[in-house]
There are 2 protein chains.
Amino acid sequence: MKMPNKPLSKEKERFIEQLGERRLIETIVNKFNANANRRIVTVGAGEDDCAVIDIDSASGGRKYLVVTTDTVQESTHLPKGISPFQIGWTVAAVNLSDIAAMGAHPFAFTVAMGVPARTRSAFVEEVVEGIEKCASAYHTAVVGGDVTRSKEVILTGTCFGFADRPVRRAGAEIGDLVCVTGSLGNAALGINLIKRGTELKVPVKVEEIAKKALFQPVPRIQEGIALADSGLVTSMIDISDGLALSLAELAKSSGVGFEVYEDKVPVLSEELRSAETFDLSSIGVERRALAFYGGDYELLFTIDASGLERISETIKMSVIGKVTPHEAGIYFKKGEEKEKMELTGYQHF
Amino acid sequence: MKMPNKPLSKEKERFIEQLGERRLIETIVNKFNANANRRIVTVGAGEDDCAVIDIDSASGGRKYLVVTTDTVQESTHLPKGISPFQIGWTVAAVNLSDIAAMGAHPFAFTVAMGVPARTRSAFVEEVVEGIEKCASAYHTAVVGGDVTRSKEVILTGTCFGFADRPVRRAGAEIGDLVCVTGSLGNAALGINLIKRGTELKVPVKVEEIAKKALFQPVPRIQEGIALADSGLVTSMIDISDGLALSLAELAKSSGVGFEVYEDKVPVLSEELRSAETFDLSSIGVERRALAFYGGDYELLFTIDASGLERISETIKMSVIGKVTPHEAGIYFKKGEEKEKMELTGYQHF
């Protein structure tokens with residue numbers, strides 16, 4: 001785990017094993033309870049055996065509770081160069097992204113942190129700051145947690161939301177349009193730049209933007225809610241393991257196939273594409289690899305074609321294909337050419 | 001991590017890295033969704049980006065959602081000799097115990113599992129079986145999870161309950177009676193037996209019972225609910241880090257002190273005490289160490305003295321002391337002698 005590079009004050013230069021569990025928890029709890037969305041929280045983090053939330057005021061009368069849990073840890077998930085703040089941000093963001101993919105309103109988050117005993121307390125404080133900032137940005141209260149001594153840094157988040165019409169992975173109908181929010185491949189470019197280090201020559205600004213996309217993902221909460229509220233979305237998933245695998249999941253759940261217009265997939269953000277004279281081919285990175293096989297936290301969804309105008313007025317999105325019969329499988333389409341999509345992406349084992 | 005000793009069939013003799021993430025998840029999800037309390041679950045484990053729970057049918061009209069999260073892992077929490085089934089049971093039980101300590105009705109559980117790539121798939125299946133069995137025993141549905149590759153076995157559970165009157169740690173009044181459910185020190189005896197190995201000569205039955213108390217703790221869900229429903233409990237906490245530390249937490253939250261009648265603390269279960277001719281002193285284990293400094297998952301609570309008869313008719317409990325002013329601190333009392341209680345117990349750092 002990379003420690004903060006900036007010099008730490010003497011006060012902060014201590015390991016958590018010296019601080020002791022109870023003082024460590026106090027520091028964390030103060031941070032979470034100071035800024036959190038306290039309106040709905042009757043009992044907050046560290047205040048009792050459990051957190052307590054008033055259902056009526058938190059749910060706003062919505063019918064369903066939605067729940068997700070996701071872990072990030074040092075040896076598998078954390079790219080080289082990520083800051084402690086960004087590690088904290090990431091564990092909140094990846095969970096919020098699953099809430100977004102149901103079109104739900106997030107309201108609470110819990111986090112269990114495993115950290116080695118010889119971790120600087122400033123490191124933990126910055127991780128906590130990152131969690132709090134990301135949760136707060138989406139009106140989500142951090143209501144509870146746990147800290148344990150472990151062999152590596154490992155953070156498990158659990159996020160709760162409310163929804164009236166949770167949008168499922170099942171529901172896509174033949175003829176529906178296939179769409180994505182935002183742009184894809186930004187984080188994957190970041191991974192490429194890190195893996196190939198100084199060998200790649202890219203503008204500083206490109207490096208900054210791509211790494212930020214990788215280190216500090218943005219969950220599409222507002223977009224998810226707008227899509228669910230529209231009533232026009234037939235299925236939805238987030239693109240955490242790459243577009244190809246997400247298409248495969250949606251195809252399996254909905255019992256359909258997909259035809260994807262490769263050229264329509266929005267690769268790299270406007271900001272990245274316009275950064276000086278940056279050109280993908282000059283660094284030997286394939287557009288297709290970025291578009292289909294890198295994880296982003298955009299939403300992949302299907303809509304009835306009649307809803308296109310209304311939805312595209314509400315959120316920034318691109319139509320990238322259409323829903324076909326299940327037997328047709330999942331294909332790239334480039335002009336009249338069709339090519340079967342390779343279904344790979346990130347897997348832990 | 002200890003692997004199951006019994007010979008595994010060829011079919012089961014494979015590592016999860018060979019099985020692959022998706023097949024592993026399928027196995028887990030099938031187990032959770034087959035036996036779980038599906039009535040309230042609209043979307044279960046592995047079926048979508050999030051689990052979805054119908055609030056009305058799950059809450060039974062109760063006003064508060066209570067949430068807790070707790071981790072167990074190999075290097076810190078898992079005693080030598082615990083089976084994979086019991087590891088799974090434990091992660092569910094320790095979380096359910098926090099729900100019990102609020103007097104809440106548990107209804108859902110999520111679990112994030114970190115496992116090394118070279119873990120036998122049978123090991124994971126048995127852990128999952130343990131989680132499912134414990135959750136089911138308390139009418140709790142396992143609604144979601146996550147599996148990641150990690151350096152050691154690490155399981156984070158998050159448990160949800162509903163309550164109308166969550167019982168807080170704050171609320172004990174001077175003059176209230178201090179009580180515990182069940183008996184203490186059973187798990188601590190198990191730890192003693194493991195640490196000192198063959199050097200200790202105790203009856204086989206004693207070893208079996210003490211180790212089971214340690215390896216497969218029983219959350220006091222029914223007792224917690226009965227206590228909350230009685231309306232006579234003024235404060236409550238579970239005794240996961242030992243009675244001494246739990247008393248200290250309750251004292252701090254309620255702003256009171258405690259006088260504890262050392263001889264009234266129920267040490268060791270009836271079953272253990274009556275096991276052949278077993279005698280603590282013969283193995284050099286101090287009664288006080290078992291009673292105050294070992295973790296159990298019993299409940300510690302305070303009641304108005306007028307409620308004693310009604311409560312002791314409902315659940316198995318013992319009065320162990322009384323609530324005193326905060327300035328008086330926390331004391332043992334033996335006859336007329338008073339002795340300040342040492343406030344130590346389990347801490348991670």
# chains A, B, ... in the order shown; residues from 1 in each chain; ligands from 1
>>> interface_residues(of="chain B", to="chain A", cutoff="7 Å", atoms="only C-alpha atoms", output="number ranges by chain")
B: 16-17, 20-21, 48-55, 63-71, 75-76, 98-99, 101-102, 110, 112, 117, 144-146, 148-151, 156, 168-169, 237, 347-349
>>> write_last_selection(atoms="C-alpha atoms", output="PDB file, in the first residue's frame")
ATOM      1  CA  ILE B  16     -11.480 -22.270  -6.572  1.00  0.00           C
ATOM      2  CA  GLU B  17      -8.947 -20.847  -9.025  1.00  0.00           C
ATOM      3  CA  GLY B  20     -13.527 -19.877 -11.871  1.00  0.00           C
ATOM      4  CA  GLU B  21     -15.370 -16.971 -10.304  1.00  0.00           C
ATOM      5  CA  ASP B  48     -29.076  -8.662  -9.915  1.00  0.00           C
ATOM      6  CA  ASP B  49     -26.850  -5.665  -9.061  1.00  0.00           C
ATOM      7  CA  CYS B  50     -28.581  -5.460  -5.663  1.00  0.00           C
ATOM      8  CA  ALA B  51     -30.905  -7.553  -3.541  1.00  0.00           C
ATOM      9  CA  VAL B  52     -34.436  -6.164  -3.300  1.00  0.00           C
ATOM     10  CA  ILE B  53     -36.654  -6.547  -0.244  1.00  0.00           C
ATOM     11  CA  ASP B  54     -40.288  -5.577   0.089  1.00  0.00           C
ATOM     12  CA  ILE B  55     -40.252  -3.253   3.103  1.00  0.00           C
ATOM     13  CA  LYS B  63     -40.608   1.744  12.555  1.00  0.00           C
ATOM     14  CA  TYR B  64     -36.807   1.316  12.518  1.00  0.00           C
ATOM     15  CA  LEU B  65     -34.261  -0.379  10.311  1.00  0.00           C
ATOM     16  CA  VAL B  66     -31.222  -1.536  12.305  1.00  0.00           C
ATOM     17  CA  VAL B  67     -27.924  -2.403  10.645  1.00  0.00           C
ATOM     18  CA  THR B  68     -24.615  -3.824  11.815  1.00  0.00           C
ATOM     19  CA  THR B  69     -21.415  -5.056  10.179  1.00  0.00           C
ATOM     20  CA  ASP B  70     -18.705  -7.304  11.595  1.00  0.00           C
ATOM     21  CA  THR B  71     -15.698  -9.134  10.208  1.00  0.00           C
ATOM     22  CA  SER B  75      -5.166 -14.223  11.355  1.00  0.00           C
ATOM     23  CA  THR B  76      -7.082 -12.656  14.230  1.00  0.00           C
ATOM     24  CA  ASP B  98     -25.570  -7.236  17.551  1.00  0.00           C
ATOM     25  CA  ILE B  99     -29.107  -7.317  16.167  1.00  0.00           C
ATOM     26  CA  ALA B 101     -28.531  -6.537  21.481  1.00  0.00           C
ATOM     27  CA  MET B 102     -30.909  -3.948  20.002  1.00  0.00           C
ATOM     28  CA  THR B 110     -25.108 -10.091   3.242  1.00  0.00           C
ATOM     29  CA  ALA B 112     -18.370 -10.547   1.535  1.00  0.00           C
ATOM     30  CA  ALA B 117      -6.974 -18.604  -4.840  1.00  0.00           C
ATOM     31  CA  GLY B 144     -26.328 -10.885  -1.245  1.00  0.00           C
ATOM     32  CA  GLY B 145     -22.602 -11.202  -1.211  1.00  0.00           C
ATOM     33  CA  ASP B 146     -19.271 -10.805  -2.879  1.00  0.00           C
ATOM     34  CA  THR B 148     -12.787 -11.787  -3.886  1.00  0.00           C
ATOM     35  CA  ARG B 149      -9.293 -13.226  -3.947  1.00  0.00           C
ATOM     36  CA  SER B 150      -7.390 -12.217  -0.820  1.00  0.00           C
ATOM     37  CA  LYS B 151      -4.281 -13.161   1.137  1.00  0.00           C
ATOM     38  CA  THR B 156     -17.492  -9.526   6.478  1.00  0.00           C
ATOM     39  CA  ARG B 168     -29.884   1.414  23.418  1.00  0.00           C
ATOM     40  CA  ARG B 169     -26.703   1.218  25.457  1.00  0.00           C
ATOM     41  CA  ILE B 237     -25.337  -4.666  24.824  1.00  0.00           C
ATOM     42  CA  GLN B 347      -8.869  -5.347  21.409  1.00  0.00           C
ATOM     43  CA  HIS B 348      -7.608  -5.649  17.832  1.00  0.00           C
ATOM     44  CA  PHE B 349      -4.861  -3.047  18.092  1.00  0.00           C
TER      45      PHE B 349
END
>>> residues_around(residues="stretch 191-202 of chain B", least_positions_apart="5", cutoff="8 Å", atoms="only C-alpha atoms", output="VMD selection string")
chain B and resid 79 to 80 207 211 214 278 283 285
>>> residues_around(residues="B:Phe258", least_positions_apart="3", cutoff="7 Å", atoms="only C-alpha atoms", output="PyMOL selection string")
chain B and resi 322-324+329-331
>>> write_last_selection(atoms="C-alpha atoms", output="PDB file, in the first residue's frame")
ATOM      1  CA  LYS B 322     -26.964  -3.074  40.361  1.00  0.00           C
ATOM      2  CA  VAL B 323     -26.570   0.308  38.709  1.00  0.00           C
ATOM      3  CA  THR B 324     -24.753   2.932  40.807  1.00  0.00           C
ATOM      4  CA  GLY B 329     -17.108   3.488  38.952  1.00  0.00           C
ATOM      5  CA  ILE B 330     -17.282  -0.230  38.244  1.00  0.00           C
ATOM      6  CA  TYR B 331     -16.685  -2.570  41.166  1.00  0.00           C
TER       7      TYR B 331
END
>>> select_by_dssp(residues="stretch 115-197 of chain A", states="helix (DSSP H, G or I)", output="PyMOL selection string")
chain A and resi 121-137+186-197
>>> residues_around(residues="stretch 290-307 of chain A", least_positions_apart="5", cutoff="7 Å", atoms="only C-alpha atoms", output="CSV table (one decimal) with C-alpha atoms, in the first residue's frame")
chain,number,residue,atom,x,y,z
A,97,SER,CA,-22.8,2.2,-8.6
A,101,ALA,CA,-27.9,0.2,-11.6
A,172,ALA,CA,-35.0,-6.2,-22.3
A,176,ASP,CA,-35.2,-2.3,-27.7
A,177,LEU,CA,-32.3,0.1,-28.0
A,178,VAL,CA,-29.1,-0.6,-26.1
A,179,CYS,CA,-27.6,2.5,-24.4
A,180,VAL,CA,-24.8,3.6,-22.1
A,181,THR,CA,-24.3,6.6,-20.0
A,182,GLY,CA,-21.2,8.8,-20.3
A,184,LEU,CA,-16.1,4.1,-21.7
A,185,GLY,CA,-12.5,3.1,-21.6
A,187,ALA,CA,-10.2,3.8,-16.5
A,188,ALA,CA,-8.9,1.2,-18.9
A,189,LEU,CA,-6.6,3.8,-20.5
A,217,PRO,CA,-14.8,6.4,-10.3
A,218,VAL,CA,-18.1,8.3,-10.5
A,219,PRO,CA,-21.3,6.4,-9.7
A,220,ARG,CA,-24.2,7.3,-11.9
A,232,LEU,CA,-39.0,3.7,-20.1
A,233,VAL,CA,-36.1,1.5,-19.2
A,234,THR,CA,-36.5,-2.2,-19.6
A,235,SER,CA,-33.2,-3.5,-18.1
A,236,MET,CA,-30.1,-2.1,-16.5
A,237,ILE,CA,-26.7,-3.1,-15.1
A,238,ASP,CA,-23.4,-1.2,-14.3
A,239,ILE,CA,-20.3,-1.8,-16.4
A,240,SER,CA,-17.9,-2.7,-13.6
A,241,ASP,CA,-16.3,-5.7,-15.3
A,242,GLY,CA,-16.3,-4.3,-18.9
A,243,LEU,CA,-19.0,-3.7,-21.5
A,244,ALA,CA,-18.6,-7.2,-23.0
A,265,VAL,CA,-19.6,3.1,-28.5
A,267,VAL,CA,-14.8,5.7,-26.2
A,344,THR,CA,-14.0,-11.7,-21.4
A,345,GLY,CA,-13.3,-9.1,-18.8
>>> residues_around(residues="A:Ser230", least_positions_apart="6", cutoff="12 Å", atoms="only C-alpha atoms", output="ChimeraX atom specification")
/A:103,165-167,223-224,303-304,307-315
>>> atom_distance(atom1="atom CA of B:Val256", atom2="atom CA of B:Pro325")
5.0 Å
>>> atom_distance(atom1="atom CA of B:Ala213", atom2="atom CA of B:Asn186")
5.8 Å
>>> residues_around(residues="A:Glu132", least_positions_apart="2", cutoff="9 Å", atoms="only C-alpha atoms", output="PyMOL selection string")
chain A and resi 31-32+35-36+88-89+92+127-130+134-137+140-142
>>> write_last_selection(atoms="N, CA and C atoms", output="mmCIF file, in the first residue's frame")
data_model
loop_
_atom_site.group_PDB
_atom_site.id
_atom_site.type_symbol
_atom_site.label_atom_id
_atom_site.label_comp_id
_atom_site.auth_asym_id
_atom_site.auth_seq_id
_atom_site.Cartn_x
_atom_site.Cartn_y
_atom_site.Cartn_z
ATOM 1 N N LYS A 31 -15.578 11.454 12.319
ATOM 2 C CA LYS A 31 -15.612 11.882 10.908
ATOM 3 C C LYS A 31 -16.940 11.506 10.265
ATOM 4 N N PHE A 32 -17.375 10.274 10.469
ATOM 5 C CA PHE A 32 -18.599 9.819 9.808
ATOM 6 C C PHE A 32 -19.837 10.537 10.353
ATOM 7 N N ASN A 35 -20.333 14.770 9.260
ATOM 8 C CA ASN A 35 -20.794 15.278 7.956
ATOM 9 C C ASN A 35 -21.958 14.499 7.360
ATOM 10 N N ALA A 36 -22.272 13.372 7.960
ATOM 11 C CA ALA A 36 -23.224 12.480 7.291
ATOM 12 C C ALA A 36 -24.623 13.084 7.239
ATOM 13 N N GLY A 88 -10.614 5.026 -0.251
ATOM 14 C CA GLY A 88 -11.873 5.188 0.470
ATOM 15 C C GLY A 88 -13.006 5.570 -0.470
ATOM 16 N N TRP A 89 -12.721 6.519 -1.355
ATOM 17 C CA TRP A 89 -13.726 6.950 -2.338
ATOM 18 C C TRP A 89 -14.214 5.747 -3.141
ATOM 19 N N ALA A 92 -16.734 3.267 -1.577
ATOM 20 C CA ALA A 92 -18.091 3.823 -1.561
ATOM 21 C C ALA A 92 -18.664 3.852 -2.980
ATOM 22 N N VAL A 127 -8.341 7.471 4.232
ATOM 23 C CA VAL A 127 -9.291 6.513 3.655
ATOM 24 C C VAL A 127 -10.709 6.875 4.110
ATOM 25 N N VAL A 128 -10.838 7.144 5.402
ATOM 26 C CA VAL A 128 -12.136 7.484 5.991
ATOM 27 C C VAL A 128 -12.693 8.767 5.355
ATOM 28 N N GLU A 129 -11.810 9.721 5.145
ATOM 29 C CA GLU A 129 -12.195 10.979 4.487
ATOM 30 C C GLU A 129 -12.738 10.699 3.069
ATOM 31 N N GLY A 130 -12.086 9.808 2.366
ATOM 32 C CA GLY A 130 -12.532 9.467 1.008
ATOM 33 C C GLY A 130 -13.901 8.803 1.010
ATOM 34 N N CYS A 134 -17.302 10.677 -0.672
ATOM 35 C CA CYS A 134 -18.065 10.050 -1.750
ATOM 36 C C CYS A 134 -19.499 9.798 -1.298
ATOM 37 N N ALA A 135 -19.666 9.253 -0.097
ATOM 38 C CA ALA A 135 -21.017 8.980 0.410
ATOM 39 C C ALA A 135 -21.825 10.279 0.483
ATOM 40 N N SER A 136 -21.225 11.311 1.063
ATOM 41 C CA SER A 136 -21.913 12.603 1.208
ATOM 42 C C SER A 136 -22.315 13.191 -0.138
ATOM 43 N N ALA A 137 -21.452 13.019 -1.137
ATOM 44 C CA ALA A 137 -21.740 13.571 -2.464
ATOM 45 C C ALA A 137 -23.037 12.996 -3.026
ATOM 46 N N THR A 140 -25.647 10.115 1.135
ATOM 47 C CA THR A 140 -25.655 8.818 1.793
ATOM 48 C C THR A 140 -24.937 8.930 3.137
ATOM 49 N N ALA A 141 -25.577 8.481 4.196
ATOM 50 C CA ALA A 141 -24.981 8.550 5.531
ATOM 51 C C ALA A 141 -24.137 7.306 5.791
ATOM 52 N N VAL A 142 -22.924 7.488 6.315
ATOM 53 C CA VAL A 142 -22.131 6.330 6.742
ATOM 54 C C VAL A 142 -22.589 6.008 8.163
#
>>> select_by_dssp(residues="stretch 122-219 of chain A", states="strand (DSSP E)", output="PyMOL selection string")
chain A and resi 141-149+154-163+177-181
>>> atom_distance(atom1="atom CA of A:Gln222", atom2="atom CA of A:Glu125")
28.3 Å
>>> decode(residues="stretch 130-218 of chain A", atoms="C-alpha atoms", output="compact mmCIF listing (two decimals), in the first residue's frame")
# COMPACT_ATOMS: atom_id res chain seq x y z
CA GLY A 130 -12.53 9.47 1.01
CA ILE A 131 -15.41 7.22 2.07
CA GLU A 132 -17.19 10.12 3.75
CA LYS A 133 -16.74 12.51 0.82
CA CYS A 134 -18.07 10.05 -1.75
CA ALA A 135 -21.02 8.98 0.41
CA SER A 136 -21.91 12.60 1.21
CA ALA A 137 -21.74 13.57 -2.46
CA TYR A 138 -24.67 11.20 -3.00
CA HIS A 139 -26.62 12.09 0.17
CA THR A 140 -25.66 8.82 1.79
CA ALA A 141 -24.98 8.55 5.53
CA VAL A 142 -22.13 6.33 6.74
CA VAL A 143 -23.99 4.64 9.59
CA GLY A 144 -21.67 1.91 10.78
CA GLY A 145 -18.47 -0.02 10.44
CA ASP A 146 -15.86 -2.29 11.83
CA VAL A 147 -12.06 -2.17 12.03
CA THR A 148 -9.96 -5.31 12.27
CA ARG A 149 -6.28 -6.16 12.00
CA SER A 150 -5.59 -8.02 8.77
CA LYS A 151 -2.70 -9.01 6.52
CA GLU A 152 -3.52 -6.48 3.82
CA VAL A 153 -5.78 -3.47 3.38
CA ILE A 154 -9.28 -4.80 2.63
CA LEU A 155 -12.45 -2.71 2.66
CA THR A 156 -15.94 -4.13 2.40
CA GLY A 157 -18.76 -1.68 1.84
CA THR A 158 -22.48 -2.37 2.07
CA CYS A 159 -24.88 0.17 0.61
CA PHE A 160 -28.64 0.57 1.10
CA GLY A 161 -31.15 2.36 -1.05
CA PHE A 162 -34.86 2.70 -1.50
CA ALA A 163 -36.77 2.33 -4.75
CA ASP A 164 -40.31 2.14 -5.99
CA ARG A 165 -39.49 0.49 -9.29
CA PRO A 166 -36.10 -1.22 -9.09
CA VAL A 167 -34.80 -1.77 -12.61
CA ARG A 168 -33.76 -5.38 -13.14
CA ARG A 169 -31.24 -7.03 -15.44
CA ALA A 170 -34.15 -9.02 -16.82
CA GLY A 171 -36.66 -7.16 -18.96
CA ALA A 172 -34.96 -6.24 -22.25
CA GLU A 173 -37.23 -6.90 -25.23
CA ILE A 174 -36.29 -7.67 -28.82
CA GLY A 175 -36.16 -4.38 -30.74
CA ASP A 176 -35.25 -2.27 -27.68
CA LEU A 177 -32.32 0.12 -28.02
CA VAL A 178 -29.10 -0.62 -26.12
CA CYS A 179 -27.61 2.46 -24.44
CA VAL A 180 -24.80 3.56 -22.14
CA THR A 181 -24.30 6.64 -19.98
CA GLY A 182 -21.15 8.78 -20.31
CA SER A 183 -18.10 7.32 -22.01
CA LEU A 184 -16.14 4.09 -21.72
CA GLY A 185 -12.46 3.13 -21.60
CA ASN A 186 -11.22 6.04 -19.48
CA ALA A 187 -10.25 3.83 -16.55
CA ALA A 188 -8.86 1.18 -18.91
CA LEU A 189 -6.60 3.83 -20.47
CA GLY A 190 -5.43 4.65 -16.94
CA ILE A 191 -4.54 0.98 -16.36
CA ASN A 192 -2.63 0.89 -19.65
CA LEU A 193 -0.64 3.97 -18.73
CA ILE A 194 0.27 2.55 -15.31
CA LYS A 195 1.21 -0.89 -16.63
CA ARG A 196 3.44 0.45 -19.33
CA GLY A 197 4.90 3.26 -17.22
CA THR A 198 7.44 5.62 -18.75
CA GLU A 199 7.59 3.63 -21.96
CA LEU A 200 4.37 5.41 -23.05
CA LYS A 201 4.61 9.05 -24.01
CA VAL A 202 1.29 10.80 -23.46
CA PRO A 203 0.43 14.39 -22.55
CA VAL A 204 0.46 15.02 -18.77
CA LYS A 205 -3.17 16.07 -18.92
CA VAL A 206 -4.19 12.79 -20.53
CA GLU A 207 -2.39 10.87 -17.82
CA GLU A 208 -4.09 12.94 -15.12
CA ILE A 209 -7.59 12.48 -16.49
CA ALA A 210 -7.22 8.77 -17.22
CA LYS A 211 -5.79 8.04 -13.79
CA LYS A 212 -8.52 10.02 -12.08
CA ALA A 213 -11.14 7.97 -13.95
CA LEU A 214 -9.42 4.84 -12.65
CA PHE A 215 -8.71 6.02 -9.11
CA GLN A 216 -11.89 7.94 -8.36
CA PRO A 217 -14.85 6.44 -10.26
CA VAL A 218 -18.13 8.35 -10.46
